[in-house]
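See below for the structure under consideration.
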Amino acid sequence: MLNKKSVEDLQVNGKKVLVRVDFNVPLDENKNVTDDNRIVGALPTIKYLVDNNAKVILCSHLGRPKGEFNEKYSLKPVVKRLAELLGKEVKMADDVIGDSAKKLAAELKDGEVLVLENVRFHKEETDNDREFSKELASMADLYVNDAFGTAHRAHASTAGVAEFLPSACGYLIKKEIDIMGKALSNPARPFVTILGGAKVSDKIGVITNLIEKVDALVIGGGMAYTFSKAMGGKIGDSICEDDKLELAKELIKKAEEKGVKLLLPVDNICADAFSNDANILVAAAGEIPDGYQGLDIGEKTIELFENTLKDAKTIIWNGPMGVFEFPNFANGTKAVAKIVADADAVTIIGGGDSAAAVEQLGFADKMTHISTGGGASLEFLEGKVLPGIDVLNDK
Ligand code: AMP
């Protein structure tokens with residue numbers, strides 16, 4: 001379990017609290033927030049601080065403005081949405097550590113909320129510049145990190161600033177770590193992990209860490225073809241990392257030695273081009289003809305996966321089962337989303353594409369937890385220490 005101080009362990013009454021949140025949300029062309037999950041995710045911490053008479057200073061990045069001011073990446077649209085969700089006025093500074101931010105921070109009254117401009121308007125943020133961290137810290141008495149989505153980055157506002165202020169984690173980070181931490185350290189069994197997505201190389205760390213812990217490992221998506229080729233199968237033009245064939249063989253052997261059930265696709269929906277409108281055929285695993293590439297898992301594979309998943313008590317899923325962006329190749333990802341949603345298990349969805357798929361399909365409420373951080377949750381599942389959490393004060 002997380003051994004860091006939480007926001008409840010701090011004396012926040014009347015204090016200025018700098019909170020790093022992850023408000024990196026998508027905007028449409030009219031600057032409306034199109035998915036406010038990350039803002040909603042930060043509300044428990046913000047509300048707790050408001051209710052306990054803190055002066056709340058929120059800090060976040062949005063997009064990649066490359067270290068300079070750019071109106072396109074302003075946090076203004078986020079402030080508007082946050083004010084609606086909180087049902088109260090939210091102040092907004094024109095800058096991050098400039099006159100506007102410092103003046104508004106100094107004038108804050110108990111229970112008021114201020115948002116600083118996009119912290120990545122300064123390149124010192126991603127450089128984790130010590131002076132910049134000090135300036136940020138100078139506006140507050142306490143620091144709370146609740147930005148799980150950037151907790152795997154050692155930046156000024158996610159890590160550097162903790163050197164200068166008493167610190168703690170917010171409710172979102174606590175929830176993410178508690179749920180995923182329990183699944184890794186003391187899972188209800190059978191414990192099954194489903195991995196998909198384009199490349200094996202992105203998931204090596206996760207496979208290596210989880211193979212020690214799971215009862216079954218289900219592999220779909222593009223990465224399955226590297227395994228298929230490693231076993232001597234014909235994969236046609238399917239995506240494959242030839243420099244990872246040996247690794248795939250080692251992982252297959254390791255699973256065998258550990259008694260971990262390794263489930264790979266037994267049939268594939270194949271296309272004669274990387275296109276939604278390509279000609280389609282169904283091929284058994286290892287028998288994909290030249291000129292065709294596997295873009296989704298087939299019905300037999302879905303059935304095979306379901307047989308193992310239906311009895312699981314803990315499921316962690318990261319990565320789509322096929323090129324789900326093409327409607328004709330989204331069936332496998334949809335089917336797995338439904339199977340996980342229906343399972344009588346603790347169900348955890350790593351962020352990114354699988355989280356988006358689950359939300360689009362309307363299964364979000366049926367999952368135990370959908371992580372708000374793709375990269376951060378992957379690194380956590382790899383067993384890595386996340387710098388933005390490591391720097392916080394211990395209990
Ligand atoms: P990742 O970010 O590693 O989870 O990978 C997600 C991407 O993998 C998505 O954009 C999918 O389109 C892609 N993907 C999944 N299956 C395949 C496949 N069979 N061939 C090519 N790309 C795939």
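All residue names refer to the structure tokens as shown: chains lettered A, B, ... in order, residues numbered from 1 in each chain, ligands numbered from 1 in order.
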Within 7 Å of ligand 1 (only C-alpha atoms and all ligand atoms), residues as a count of residues only: 22
Contacts of A:Ala283 within 9 Å, only C-alpha atoms, excl. fewer than 6 positions in-chain, as a compact mmCIF listing (two decimals) with N, CA and C atoms, in the first residue's frame:
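Saved to out_35.txt:
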# COMPACT_ATOMS: atom_id res chain seq x y z
N VAL A 266 -5.84 -17.65 -31.91
CA VAL A 266 -5.84 -18.86 -32.74
C VAL A 266 -6.40 -18.57 -34.14
N ASP A 267 -7.08 -17.43 -34.28
CA ASP A 267 -7.51 -17.01 -35.63
C ASP A 267 -7.47 -15.49 -35.73
N ASN A 268 -7.36 -15.02 -36.94
CA ASN A 268 -7.18 -13.58 -37.16
C ASN A 268 -8.06 -13.08 -38.30
N ILE A 269 -8.54 -11.86 -38.15
CA ILE A 269 -9.22 -11.20 -39.27
C ILE A 269 -8.12 -10.46 -40.04
N CYS A 270 -7.94 -10.86 -41.29
CA CYS A 270 -6.82 -10.33 -42.08
C CYS A 270 -7.33 -9.46 -43.23
N PRO A 289 -1.82 -15.73 -45.30
CA PRO A 289 -1.17 -15.73 -46.62
C PRO A 289 -0.41 -14.44 -46.89
N GLY A 294 -2.84 -9.39 -40.38
CA GLY A 294 -3.84 -9.55 -39.32
C GLY A 294 -4.14 -8.20 -38.68
N GLY A 298 -9.97 -13.15 -34.24
CA GLY A 298 -11.18 -13.77 -34.78
C GLY A 298 -12.12 -14.30 -33.69
Backbone-only DSSP, helix (DSSP H, G or I) members of stretch 281-341 of chain A, as a list in words: Glu299, Lys300, Thr301, Ile302, Glu303, Leu304, Phe305, Glu306, Asn307, Thr308, Leu309, Pro327, Asn328, Phe329, Asn331, Gly332, Thr333, Lys334, Ala335, Val336, Ala337, Lys338, Ile339, Val340 and Ala341 of chain A
8 Å contact set for A:Lys55, only C-alpha atoms, chain neighbours under 4 positions out, as a VMD selection string: chain A and resid 14 to 17 49 to 50 108 to 113
Can you check which residues of stretch 109-305 of chain A DSSP gives as strand (DSSP E) on the backbone and send them as a CSV table (one decimal) with N, CA, C and O atoms, in the first residue's frame?
chain,number,residue,atom,x,y,z
A,113,VAL,N,-10.2,29.2,-5.2
A,113,VAL,CA,-9.4,28.4,-6.1
A,113,VAL,C,-8.8,29.3,-7.2
A,113,VAL,O,-9.5,30.1,-7.9
A,114,LEU,N,-7.5,29.1,-7.5
A,114,LEU,CA,-6.8,29.8,-8.5
A,114,LEU,C,-6.1,28.7,-9.4
A,114,LEU,O,-5.6,27.8,-8.9
A,115,VAL,N,-6.2,29.0,-10.7
A,115,VAL,CA,-5.5,28.1,-11.7
A,115,VAL,C,-4.4,28.9,-12.3
A,115,VAL,O,-4.6,30.0,-12.8
A,142,LEU,N,2.2,24.6,1.1
A,142,LEU,CA,2.2,23.1,1.1
A,142,LEU,C,2.0,22.7,-0.4
A,142,LEU,O,1.6,23.4,-1.2
A,143,TYR,N,2.5,21.4,-0.7
A,143,TYR,CA,2.4,20.9,-2.0
A,143,TYR,C,1.6,19.6,-2.0
A,143,TYR,O,1.9,18.7,-1.2
A,144,VAL,N,0.7,19.5,-2.9
A,144,VAL,CA,0.0,18.2,-3.1
A,144,VAL,C,0.1,17.8,-4.6
A,144,VAL,O,-0.2,18.6,-5.5
A,145,ASN,N,0.6,16.5,-4.8
A,145,ASN,CA,0.6,16.0,-6.2
A,145,ASN,C,-0.6,15.1,-6.4
A,145,ASN,O,-0.8,14.1,-5.7
A,167,SER,N,4.9,17.9,1.7
A,167,SER,CA,4.1,17.4,0.5
A,167,SER,C,3.3,16.2,0.9
A,167,SER,O,3.6,15.5,1.9
A,168,ALA,N,2.4,15.9,0.0
A,168,ALA,CA,1.5,14.7,0.1
A,168,ALA,C,0.9,14.4,-1.2
A,168,ALA,O,0.9,15.3,-2.1
A,169,CYS,N,0.2,13.3,-1.3
A,169,CYS,CA,-0.5,12.9,-2.5
A,169,CYS,C,-2.0,13.3,-2.4
A,169,CYS,O,-2.5,13.4,-1.2
A,191,PHE,N,-5.6,-14.4,-11.4
A,191,PHE,CA,-5.2,-13.1,-11.9
A,191,PHE,C,-4.8,-13.2,-13.3
A,191,PHE,O,-3.9,-13.9,-13.7
A,192,VAL,N,-5.5,-12.4,-14.2
A,192,VAL,CA,-5.2,-12.5,-15.6
A,192,VAL,C,-4.9,-11.1,-16.2
A,192,VAL,O,-5.6,-10.1,-15.8
A,193,THR,N,-3.9,-11.0,-17.0
A,193,THR,CA,-3.6,-9.7,-17.6
A,193,THR,C,-3.8,-9.9,-19.1
A,193,THR,O,-3.4,-10.9,-19.7
A,194,ILE,N,-4.4,-8.9,-19.7
A,194,ILE,CA,-4.6,-8.9,-21.2
A,194,ILE,C,-3.7,-7.8,-21.7
A,194,ILE,O,-3.9,-6.6,-21.3
A,195,LEU,N,-2.9,-8.1,-22.7
A,195,LEU,CA,-2.1,-7.1,-23.3
A,195,LEU,C,-2.3,-7.1,-24.8
A,195,LEU,O,-2.4,-8.1,-25.4
A,216,ALA,N,-2.6,-16.1,-15.7
A,216,ALA,CA,-2.7,-16.2,-17.2
A,216,ALA,C,-2.3,-14.9,-17.8
A,216,ALA,O,-2.6,-13.8,-17.3
A,217,LEU,N,-1.7,-15.0,-19.0
A,217,LEU,CA,-1.4,-13.8,-19.8
A,217,LEU,C,-2.0,-14.0,-21.1
A,217,LEU,O,-1.8,-14.9,-21.9
A,218,VAL,N,-2.9,-13.0,-21.5
A,218,VAL,CA,-3.6,-13.0,-22.7
A,218,VAL,C,-3.0,-12.0,-23.7
A,218,VAL,O,-2.9,-10.8,-23.3
A,219,ILE,N,-2.6,-12.4,-24.8
A,219,ILE,CA,-1.9,-11.5,-25.7
A,219,ILE,C,-2.7,-11.4,-27.0
A,219,ILE,O,-2.9,-12.4,-27.7
A,234,LYS,N,3.4,-18.5,-40.1
A,234,LYS,CA,3.4,-17.6,-41.2
A,234,LYS,C,2.5,-16.4,-40.9
A,234,LYS,O,1.3,-16.6,-40.6
A,235,ILE,N,3.0,-15.2,-41.0
A,235,ILE,CA,2.2,-14.0,-40.5
A,235,ILE,C,1.9,-13.1,-41.7
A,235,ILE,O,1.4,-12.0,-41.5
A,261,LYS,N,-0.4,-19.6,-17.8
A,261,LYS,CA,-1.1,-19.9,-19.0
A,261,LYS,C,-0.9,-18.7,-20.0
A,261,LYS,O,-1.3,-17.6,-19.7
A,262,LEU,N,-0.3,-19.0,-21.2
A,262,LEU,CA,-0.1,-17.9,-22.2
A,262,LEU,C,-1.1,-18.1,-23.3
A,262,LEU,O,-1.0,-19.2,-24.0
A,263,LEU,N,-2.0,-17.2,-23.4
A,263,LEU,CA,-3.0,-17.4,-24.5
A,263,LEU,C,-2.7,-16.4,-25.6
A,263,LEU,O,-2.7,-15.2,-25.5
A,267,ASP,N,-7.1,-17.4,-34.3
A,267,ASP,CA,-7.5,-17.0,-35.6
A,267,ASP,C,-7.5,-15.5,-35.7
A,267,ASP,O,-7.5,-14.8,-34.7
A,268,ASN,N,-7.4,-15.0,-36.9
A,268,ASN,CA,-7.2,-13.6,-37.2
A,268,ASN,C,-8.1,-13.1,-38.3
A,268,ASN,O,-8.2,-13.8,-39.3
A,269,ILE,N,-8.5,-11.9,-38.2
A,269,ILE,CA,-9.2,-11.2,-39.3
A,269,ILE,C,-8.1,-10.5,-40.0
A,269,ILE,O,-7.5,-9.6,-39.5
A,270,CYS,N,-7.9,-10.9,-41.3
A,270,CYS,CA,-6.8,-10.3,-42.1
A,270,CYS,C,-7.3,-9.5,-43.2
A,270,CYS,O,-8.4,-9.7,-43.7
A,271,ALA,N,-6.5,-8.5,-43.6
A,271,ALA,CA,-6.9,-7.6,-44.7
A,271,ALA,C,-5.8,-7.5,-45.7
A,271,ALA,O,-4.6,-7.7,-45.4
A,280,ILE,N,-11.2,-8.8,-46.9
A,280,ILE,CA,-11.0,-9.4,-45.6
A,280,ILE,C,-11.0,-10.9,-45.8
A,280,ILE,O,-11.8,-11.5,-46.6
A,281,LEU,N,-10.2,-11.6,-45.1
A,281,LEU,CA,-10.3,-13.1,-44.9
A,281,LEU,C,-10.0,-13.5,-43.5
A,281,LEU,O,-9.2,-12.8,-42.8
A,282,VAL,N,-10.5,-14.6,-43.0
A,282,VAL,CA,-10.2,-15.1,-41.7
A,282,VAL,C,-9.1,-16.2,-41.9
A,282,VAL,O,-9.3,-17.1,-42.7
A,283,ALA,N,-8.0,-16.1,-41.1
A,283,ALA,CA,-6.9,-17.1,-41.2
A,283,ALA,C,-6.6,-17.6,-39.8
A,283,ALA,O,-6.7,-16.9,-38.8
A,284,ALA,N,-6.3,-19.0,-39.8
A,284,ALA,CA,-5.8,-19.5,-38.6
A,284,ALA,C,-4.5,-18.9,-38.2
A,284,ALA,O,-3.7,-18.5,-39.1
A,287,GLU,N,-1.0,-19.1,-40.2
A,287,GLU,CA,-1.4,-19.4,-41.6
A,287,GLU,C,-1.9,-18.2,-42.4
A,287,GLU,O,-2.8,-18.3,-43.2
A,288,ILE,N,-1.3,-17.1,-42.1
A,288,ILE,CA,-1.7,-15.9,-42.8
A,288,ILE,C,-1.0,-15.8,-44.2
A,288,ILE,O,0.2,-15.8,-44.3
A,293,GLN,N,-2.6,-9.0,-43.9
A,293,GLN,CA,-2.0,-8.7,-42.6
A,293,GLN,C,-3.2,-8.8,-41.5
A,293,GLN,O,-4.3,-8.5,-41.8
A,294,GLY,N,-2.8,-9.4,-40.4
A,294,GLY,CA,-3.8,-9.5,-39.3
A,294,GLY,C,-4.1,-8.2,-38.7
A,294,GLY,O,-3.2,-7.5,-38.2
A,295,LEU,N,-5.4,-7.8,-38.7
A,295,LEU,CA,-5.8,-6.5,-38.1
A,295,LEU,C,-6.7,-6.7,-36.9
A,295,LEU,O,-7.1,-5.7,-36.2
A,296,ASP,N,-7.2,-7.9,-36.7
A,296,ASP,CA,-8.1,-8.1,-35.5
A,296,ASP,C,-8.0,-9.6,-35.1
A,296,ASP,O,-7.6,-10.4,-35.9
A,297,ILE,N,-8.5,-9.9,-33.9
A,297,ILE,CA,-8.6,-11.3,-33.5
A,297,ILE,C,-9.9,-11.8,-34.0
A,297,ILE,O,-10.9,-11.1,-34.2
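Comparing A:His61, A:Lys249, A:Leu392, A:Phe274 by their smallest distance to A:Thr150, the closest is A:His61 (using only C-alpha atoms).
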Which of A:Lys72, A:Lys366, A:Arg64, A:Lys103 sits closest to A:Glu125 [using only C-alpha atoms]: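 Among the listed residues, the smallest separation from A:Glu125 belongs to A:Arg64.
What separates atom CA of A:Ser371 from atom CA of A:Glu176 is a distance of 6.6 Å.
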Residue with smallest distance to A:Gly41 - pool A:Asp22, A:Asp390, A:Glu89, A:Asp9, counting only C-alpha atoms: A:Asp22
From A:Leu381, A:Leu245, A:Ala42, A:Met367, residue lying nearest A:Lys174 [only C-alpha atoms]: A:Ala42
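Among the candidate residues A:Cys59, A:Asp178, A:Asp35, A:Asn186, the one lying nearest to A:Val161 is A:Cys59, with distances computed using only C-alpha atoms.
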From A:Gly220, A:Ala312, A:Gly375, A:Glu71, residue lying nearest A:Thr333 [only C-alpha atoms]: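 Comparing A:Gly220, A:Ala312, A:Gly375, A:Glu71 against A:Thr333, the winner is A:Gly220.
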Residues within 10 Å of A:Met92, only C-alpha atoms, excluding chain neighbours under 3 positions, as a list in words: Ile57, Leu58, Leu75, Lys76, Val79, Lys80, Glu89, Asp95, Ser100, Ala101, Leu104, Ala105, Val113, Leu114, Val115, Leu116 and Glu117 of chain A
